[in-house]
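Here the structure is laid out as structure tokens; the discussion comes afterwards.
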Amino acid sequence: MSELLLELSGVHTHIGQYHILQGVDLAVPKGGLTVLLGRNGAGKTTTLRTIMGLWQASAGSVRFEGRDIAAVKTPDIAQAGIAYVPESMAIFSDLTVRENLYLAARQGEMDEKRLDWIFGFFPALKKFWNYPAGNLSGGQKQMVAIARAIVEPRKLILIDEPTKGLAPAIIQGMIAAFKELKATDTTILLVEQNFNFVRSLGDTVAVMDDGRVVHAGTMAELSEDRDLQQKLLGLSMDAHQ
Amino acid sequence: MSEPNVSAAVSPAPTFSEALPKIPMDWAPLLLVPVLALLMLPLVGSFPTWVTLTIAGLAMGMMIFIMASGLTLVFGLMDVLNFGHGAFVSVGAFAATLVLLPLRGWVEADSVLLNLGVVGLAIVVAMLVTGVLGWAFERLIVMPVYGQHLKQILITMGGMIVAEQMITVIWGPEQIPLPLPETFRGALIFGDAAIEKYRLIAVAVGLAVFVTMFLVLNRTKIGLLIRAGVENGEMVEALGYRIRRLFVGVFVAGSALAGLGGVMWGLYKETLTAAMGSEIMVMVFIVIIIGGLGSVGGCFLGAVLVALVANYTGFLIPKLALASNILLMVAILLWRPQGLYAVVKR
Ligand SMILES: Nc1ncnc2c1ncn2[C@@H]1O[C@H](COP(=O)(O)OP(=O)(O)OP(=O)(O)O)[C@@H](O)[C@H]1O
Ligand SMILES: [Mg+2]
């Protein structure tokens, strides 16, 4: 397999007294889209938060471009080139769409060309440009959250369940965006429960259960093998079909 | 979810129903002030008295706003309950004496320029002293107790007691007179109404502080980051900014503003005591609760309302004056439990 951009080995994370991640091993190849699957409560969000430094790993290593970032502070992890789209979206509702994106652009000014490129996927952002983000619909907020992560080029984007509760039309825009991002050599780690959505997008796939990665391989392999799908995804698959 | 908006943006031929929805502006709290003032006019009876009471209320409201504005941001941004904020009010006022007492000649001079110069210098010194003190206070007292409200209350109150005792050690236990400069004294007469000059000055300074804060919070990157941080500090960090630095900056600025408020409050009362800061804190807390914790606009409105209500009741029903703030707070919280302008939290 190609060079790894991100590699978690033996990562344990405690939240309070709870032992949530129990030795996560996860490899994210550079330039590809890695899908992280798993049923509710498997530890997917906790894994992304641990990568981002929002939870502190209690053991194990998180290597980004070869450097261990397990003990690095969140702002420095972001500065190193990792963007995060949380499950809650965490848009700044008091700020306008423009201001949300402006804060995400650390260089100062936003690049017009890149904005037009983003508006191509998410036209609503252009329409609501000077509109308080808190007044947008759930789908539009998700667009803001994703746009914030890509308003400047980043090396790795962590995206947590972006399709939750969204209409198919928006999901199409999202698929287009992710495909083009891949083409620009951006690496994506996408948490998703909807296997059908990521089937066409993913290059590699990891499946979590009970705070561990229980399967890792290529998407091609998993989408061929119905038995493996049944075994690994079980309930979460049925729920989405 | 309202997907129609999205398809509207994609579709080439927008129709009437797809026009941009209007942003609802929350006017009701803003209307409270004029409505209250107008309702009081017939009750007060005499127009000149009403003008005097209203201007006095506005002036006091502005001074309370200046003292309270930093505190509400500190709470909004870091969830820190600083019960020691009043120390900066006292220290600011006493620091001003370092300039105003030695330069008594300038204070007593009948020259607007000298008077303004000496007060300006006193304000700069007071804000520098309280800013530096705020920085130290944050490092030594607040930082070790992040996220622990009970400890914050205890230790910041302790910090305030220490600060008050330090004032007593340096300046002695007696009240200190703080004379108002010559040209700030007296009143302007409009018809039958007399308006004290200093109250007008206080209103002007308060408005200037509010407008400046408003512009900073809305037009600068730092300001946007502060507002974003009040809503979701974690996400601000995930975008690559150190919320801690922002917080220290806000704490220092808030302390310096409390120092400014202390100077103005001291000049208004013309006497200083070490406890003047802690005495005004009850009102300051009521103001930031009424306004909505973390909201600067709410704090401004809350301060004006509290001061106006205190002035009107003090005139109409003196016996109720002390309780009026609490009653106002209860009424407003019954109407809006999160305060006038609730701040969204993650
Ligand atoms: N703040 C928290 N405090 C305590 N336990 C938590 C906290 N956050 C998550 N957990 C627990 O950690 C486990 C993993 O949660 P996590 O959110 O990572 O799952 P997930 O795979 O993202 O699930 P979902 O698909 O529902 O989003 C769950 O059992 C959850 O209850
Ligand atoms: Mg999750």
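In the structure tokens, chains take letters A, B, ... by order of appearance, with residues numbered from 1 within each chain and ligands from 1 in the order shown.
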*Counting only C-alpha atoms, what is within 12 Å of region 103-106 of chain B, bar same-chain residues fewer than 6 positions away, as a ChimeraX atom specification?*
/B:96-97,112-122,177-183
Selected residues written out, all heavy atoms, as a compact mmCIF listing (two decimals), in the first residue's frame:
```
# COMPACT_ATOMS: atom_id res chain seq x y z
N ALA B 96 -5.86 56.00 40.04
CA ALA B 96 -6.07 57.33 39.47
C ALA B 96 -5.57 58.42 40.43
O ALA B 96 -5.13 59.49 39.99
CB ALA B 96 -7.54 57.54 39.14
N THR B 97 -5.66 58.14 41.72
CA THR B 97 -5.20 59.15 42.68
C THR B 97 -3.70 59.41 42.54
O THR B 97 -3.22 60.49 42.88
CB THR B 97 -5.48 58.73 44.14
OG1 THR B 97 -4.70 57.56 44.44
CG2 THR B 97 -6.94 58.41 44.36
N VAL B 112 -10.31 73.51 30.35
CA VAL B 112 -10.81 72.23 29.86
C VAL B 112 -9.64 71.34 29.43
O VAL B 112 -9.62 70.14 29.72
CB VAL B 112 -11.76 72.45 28.65
CG1 VAL B 112 -12.23 71.12 28.10
CG2 VAL B 112 -12.93 73.32 29.05
N LEU B 113 -8.67 71.97 28.80
CA LEU B 113 -7.54 71.20 28.27
C LEU B 113 -6.76 70.52 29.39
O LEU B 113 -6.48 69.32 29.33
CB LEU B 113 -6.63 72.14 27.48
CG LEU B 113 -5.97 71.50 26.26
CD1 LEU B 113 -7.00 71.00 25.28
CD2 LEU B 113 -5.02 72.50 25.59
N LEU B 114 -6.41 71.29 30.42
CA LEU B 114 -5.66 70.73 31.55
C LEU B 114 -6.48 69.66 32.26
O LEU B 114 -5.97 68.59 32.62
CB LEU B 114 -5.26 71.82 32.54
CG LEU B 114 -4.06 72.68 32.15
CD1 LEU B 114 -3.73 73.68 33.24
CD2 LEU B 114 -2.84 71.79 31.88
N ASN B 115 -7.77 69.94 32.45
CA ASN B 115 -8.65 68.98 33.12
C ASN B 115 -8.71 67.67 32.34
O ASN B 115 -8.56 66.58 32.91
CB ASN B 115 -10.06 69.54 33.26
CG ASN B 115 -10.14 70.66 34.29
OD1 ASN B 115 -11.15 71.31 34.44
ND2 ASN B 115 -9.05 70.89 35.00
N LEU B 116 -8.94 67.80 31.03
CA LEU B 116 -9.03 66.59 30.21
C LEU B 116 -7.70 65.83 30.23
O LEU B 116 -7.66 64.61 30.34
CB LEU B 116 -9.38 66.94 28.76
CG LEU B 116 -10.86 67.16 28.44
CD1 LEU B 116 -11.01 67.53 26.97
CD2 LEU B 116 -11.67 65.92 28.77
N GLY B 117 -6.61 66.62 30.15
CA GLY B 117 -5.28 66.01 30.13
C GLY B 117 -5.03 65.20 31.38
O GLY B 117 -4.59 64.04 31.32
N VAL B 118 -5.35 65.79 32.51
CA VAL B 118 -5.03 65.12 33.77
C VAL B 118 -5.93 63.89 33.98
O VAL B 118 -5.47 62.84 34.42
CB VAL B 118 -5.08 66.11 34.96
CG1 VAL B 118 -6.50 66.43 35.35
CG2 VAL B 118 -4.30 65.55 36.14
N VAL B 119 -7.20 64.00 33.60
CA VAL B 119 -8.09 62.84 33.74
C VAL B 119 -7.68 61.75 32.74
O VAL B 119 -7.65 60.56 33.07
CB VAL B 119 -9.57 63.25 33.54
CG1 VAL B 119 -10.46 62.02 33.43
CG2 VAL B 119 -10.02 64.11 34.70
N GLY B 120 -7.33 62.19 31.53
CA GLY B 120 -6.88 61.22 30.53
C GLY B 120 -5.66 60.46 31.03
O GLY B 120 -5.59 59.22 30.93
N LEU B 121 -4.73 61.20 31.61
CA LEU B 121 -3.51 60.56 32.13
C LEU B 121 -3.86 59.59 33.27
O LEU B 121 -3.35 58.47 33.33
CB LEU B 121 -2.54 61.65 32.62
CG LEU B 121 -1.16 61.17 33.01
CD1 LEU B 121 -0.45 60.58 31.79
CD2 LEU B 121 -0.32 62.31 33.60
N ALA B 122 -4.77 60.04 34.14
CA ALA B 122 -5.19 59.18 35.26
C ALA B 122 -5.82 57.90 34.72
O ALA B 122 -5.57 56.80 35.24
CB ALA B 122 -6.18 59.93 36.14
N PRO B 177 -10.60 61.52 49.23
CA PRO B 177 -11.38 62.35 48.31
C PRO B 177 -10.79 62.31 46.90
O PRO B 177 -9.56 62.26 46.74
CB PRO B 177 -11.26 63.77 48.90
CG PRO B 177 -9.98 63.73 49.67
CD PRO B 177 -9.74 62.32 50.12
N LEU B 178 -11.63 62.25 45.92
CA LEU B 178 -11.16 62.29 44.54
C LEU B 178 -11.91 63.43 43.86
O LEU B 178 -13.02 63.25 43.37
CB LEU B 178 -11.45 60.96 43.83
CG LEU B 178 -10.76 60.79 42.47
CD1 LEU B 178 -9.26 60.67 42.63
CD2 LEU B 178 -11.30 59.57 41.75
N PRO B 179 -11.30 64.61 43.86
CA PRO B 179 -12.04 65.78 43.37
C PRO B 179 -12.28 65.72 41.87
O PRO B 179 -11.40 65.32 41.11
CB PRO B 179 -11.14 66.96 43.74
CG PRO B 179 -9.77 66.36 43.85
CD PRO B 179 -9.93 64.94 44.26
N LEU B 180 -13.48 66.12 41.50
CA LEU B 180 -13.82 66.21 40.08
C LEU B 180 -13.17 67.48 39.52
O LEU B 180 -13.21 68.53 40.15
CB LEU B 180 -15.34 66.31 39.96
CG LEU B 180 -15.97 66.12 38.59
CD1 LEU B 180 -15.66 64.75 38.03
CD2 LEU B 180 -17.47 66.33 38.68
N PRO B 181 -12.55 67.40 38.35
CA PRO B 181 -11.92 68.59 37.77
C PRO B 181 -12.91 69.75 37.63
O PRO B 181 -14.11 69.53 37.43
CB PRO B 181 -11.44 68.11 36.40
CG PRO B 181 -11.25 66.66 36.56
CD PRO B 181 -12.29 66.21 37.55
N GLU B 182 -12.36 70.95 37.72
CA GLU B 182 -13.15 72.16 37.79
C GLU B 182 -14.18 72.26 36.66
O GLU B 182 -15.37 72.48 36.91
CB GLU B 182 -12.18 73.35 37.73
CG GLU B 182 -12.76 74.65 38.24
CD GLU B 182 -13.41 74.52 39.60
OE1 GLU B 182 -12.86 73.82 40.48
OE2 GLU B 182 -14.50 75.11 39.78
N THR B 183 -13.72 72.06 35.43
CA THR B 183 -14.64 72.31 34.31
C THR B 183 -15.65 71.18 34.11
O THR B 183 -16.54 71.28 33.29
CB THR B 183 -13.88 72.51 32.99
OG1 THR B 183 -13.06 71.36 32.77
CG2 THR B 183 -13.02 73.75 33.03
```
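Using only C-alpha atoms, one finds that the residues of chain A close to chain B, at 8 Å or less, are Met52, Leu54, Thr74, Pro75, Asp76, Ile77, Ala78, Gln79, Ala83, Tyr84, Ala90, Phe92, Ser93, Asp94, Leu95, Glu99, Leu103, Ala104, Arg106, Pro123, Ala124, Lys127, Tyr131, Asn135, Ser137, Gly138, Gly139, Gln140 and Ala167 of chain A.
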*asked:* What residues of the protein or nucleic acid chains come within 7 Å of ligand 2 when you use only C-alpha atoms and all ligand atoms? Reply as a list in words.
replied: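 So, counting only C-alpha atoms and all ligand atoms, the residues near ligand 2 are Asn40, Gly41, Gly43, Lys44, Thr45, Glu87 and Asp160 of chain A.
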*asked:* Applying 12 Å and only C-alpha atoms, which residues near Trp335 (chain B) remain after dropping the ones on its own chain fewer than 5 positions away? List them as a ChimeraX atom specification.
replied: /B:28-29,290,328-330,340-342
*So which one's closest to ligand 1, A:Ala149, A:Leu26, A:Met89, A:Leu36? Using only C-alpha atoms and all ligand atoms, please.*
A:Leu36
*Do you know which residues are within 10 Å of ligand 1 using only C-alpha atoms and all ligand atoms? Can you write them as a PyMOL selection string?*
chain A and resi 13-21+36-50+55+87-88+160-161+164+191-193+208-211+236
*Just asking: which residues within region 90-224 of chain B are strand (DSSP E) according to DSSP, as a list in words?*
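After running DSSP on the backbone, region 90-224 of chain B has strand (DSSP E) at Ile176, Pro177, Ala187, Leu188, Ile189, Phe190, Ala193, Ala194, Ile195 and Glu196 of chain B.
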I need the residues from that last selection saved to file as a JSON list (two decimals), in the first residue's frame (with N, CA, C and O atoms), if you can.
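Written file, selection-v3.json:
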```json
[["chain", "number", "residue", "atom", "x", "y", "z"],
["B", 176, "ILE", "N", -10.74, 58.38, 50.74],
["B", 176, "ILE", "CA", -9.88, 59.35, 50.07],
["B", 176, "ILE", "C", -10.74, 60.21, 49.16],
["B", 176, "ILE", "O", -11.58, 59.67, 48.43],
["B", 177, "PRO", "N", -10.60, 61.52, 49.23],
["B", 177, "PRO", "CA", -11.38, 62.35, 48.31],
["B", 177, "PRO", "C", -10.79, 62.31, 46.90],
["B", 177, "PRO", "O", -9.56, 62.26, 46.74],
["B", 187, "ALA", "N", -23.75, 72.19, 36.08],
["B", 187, "ALA", "CA", -24.79, 71.61, 35.25],
["B", 187, "ALA", "C", -25.08, 72.50, 34.05],
["B", 187, "ALA", "O", -24.84, 73.70, 34.09],
["B", 188, "LEU", "N", -25.56, 71.88, 32.99],
["B", 188, "LEU", "CA", -26.07, 72.64, 31.86],
["B", 188, "LEU", "C", -27.57, 72.78, 32.06],
["B", 188, "LEU", "O", -28.23, 71.85, 32.50],
["B", 189, "ILE", "N", -28.07, 73.96, 31.76],
["B", 189, "ILE", "CA", -29.50, 74.18, 31.95],
["B", 189, "ILE", "C", -30.20, 74.18, 30.59],
["B", 189, "ILE", "O", -29.85, 74.93, 29.69],
["B", 190, "PHE", "N", -31.16, 73.27, 30.45],
["B", 190, "PHE", "CA", -32.00, 73.24, 29.25],
["B", 190, "PHE", "C", -33.41, 73.55, 29.70],
["B", 190, "PHE", "O", -34.07, 72.69, 30.29],
["B", 193, "ALA", "N", -34.76, 72.10, 32.95],
["B", 193, "ALA", "CA", -34.03, 70.90, 33.36],
["B", 193, "ALA", "C", -32.54, 71.19, 33.50],
["B", 193, "ALA", "O", -31.94, 71.80, 32.63],
["B", 194, "ALA", "N", -31.99, 70.72, 34.61],
["B", 194, "ALA", "CA", -30.55, 70.87, 34.82],
["B", 194, "ALA", "C", -29.90, 69.51, 34.63],
["B", 194, "ALA", "O", -30.36, 68.52, 35.20],
["B", 195, "ILE", "N", -28.86, 69.49, 33.81],
["B", 195, "ILE", "CA", -28.17, 68.22, 33.57],
["B", 195, "ILE", "C", -26.72, 68.38, 33.96],
["B", 195, "ILE", "O", -26.01, 69.24, 33.43],
["B", 196, "GLU", "N", -26.29, 67.58, 34.91],
["B", 196, "GLU", "CA", -24.90, 67.67, 35.36],
["B", 196, "GLU", "C", -23.96, 67.33, 34.23],
["B", 196, "GLU", "O", -24.13, 66.33, 33.53]]
```
*Figure out the distance between CA of Arg226 (chain A) and CA of Ile170 (chain A), please, to one decimal in Å.*
28.0 Å
*Between CA of Ile66 (chain B) and CA of Ile141 (chain B), distance in Å (one decimal)*: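 Separation between CA of Ile66 (chain B) and CA of Ile141 (chain B): 22.8 Å.
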*Using DSSP on the backbone coordinates, identify all residues within chain A classified as helix (DSSP H, G or I); present the result as an NGL selection string.*
:A and (44-51 or 74-79 or 97-104 or 112-121 or 123-127 or 133-135 or 138-150 or 168-183 or 195-199 or 219-224 or 226-240)
*Tell me which protein, DNA and RNA residues are within 9 Å of Leu232 (chain A), counting only C-alpha atoms, leaving out same-chain ones fewer than 2 positions away, and put them as a count of residues only.*
12
_Restricting the calculation to only C-alpha atoms: of A:Thr184, A:Asn130, A:Asn194, A:Thr96, which residue gets closest to Leu33 (chain A)?_
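Smallest separation from Leu33 (chain A) among the options: A:Thr184.
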*If you count only C-alpha atoms, which residues fall within 6 Å of Lys197 (chain B), apart from same-chain ones fewer than 2 positions away, as number ranges by chain?*
B: 184, 187, 199-200
Output for the residues just chosen: N, CA, C and O atoms as a CSV table (one decimal), in the first residue's frame:
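result10.csv was written with the following content:
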```
chain,number,residue,atom,x,y,z
B,184,PHE,N,-15.5,70.1,34.8
B,184,PHE,CA,-16.5,69.0,34.7
B,184,PHE,C,-17.6,69.2,35.7
B,184,PHE,O,-18.6,68.5,35.7
B,187,ALA,N,-23.8,72.2,36.1
B,187,ALA,CA,-24.8,71.6,35.2
B,187,ALA,C,-25.1,72.5,34.1
B,187,ALA,O,-24.8,73.7,34.1
B,199,ARG,N,-22.3,63.9,34.1
B,199,ARG,CA,-23.2,62.8,33.7
B,199,ARG,C,-23.2,62.6,32.2
B,199,ARG,O,-23.1,61.6,31.6
B,200,LEU,N,-23.2,63.8,31.5
B,200,LEU,CA,-23.1,63.8,30.0
B,200,LEU,C,-21.7,63.2,29.6
B,200,LEU,O,-21.7,62.4,28.6
```
*So, counting only C-alpha atoms, which residue among B:Val209, B:Gly92, B:Val80, B:Ile167 is closest to Ile153 (chain B)?*
B:Val80
*Mind pulling up the distance from CA of Leu233 (chain A) to CA of Leu156 (chain A)?*
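Taking CA of Leu156 (chain A) as the start and CA of Leu233 (chain A) as the end point, the length is 25.7 Å.
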*Counting only C-alpha atoms, the residue of A:Ala176, A:Ala57, A:Leu201, A:Val62 that sits nearest Leu4 (chain A)*: A:Val62
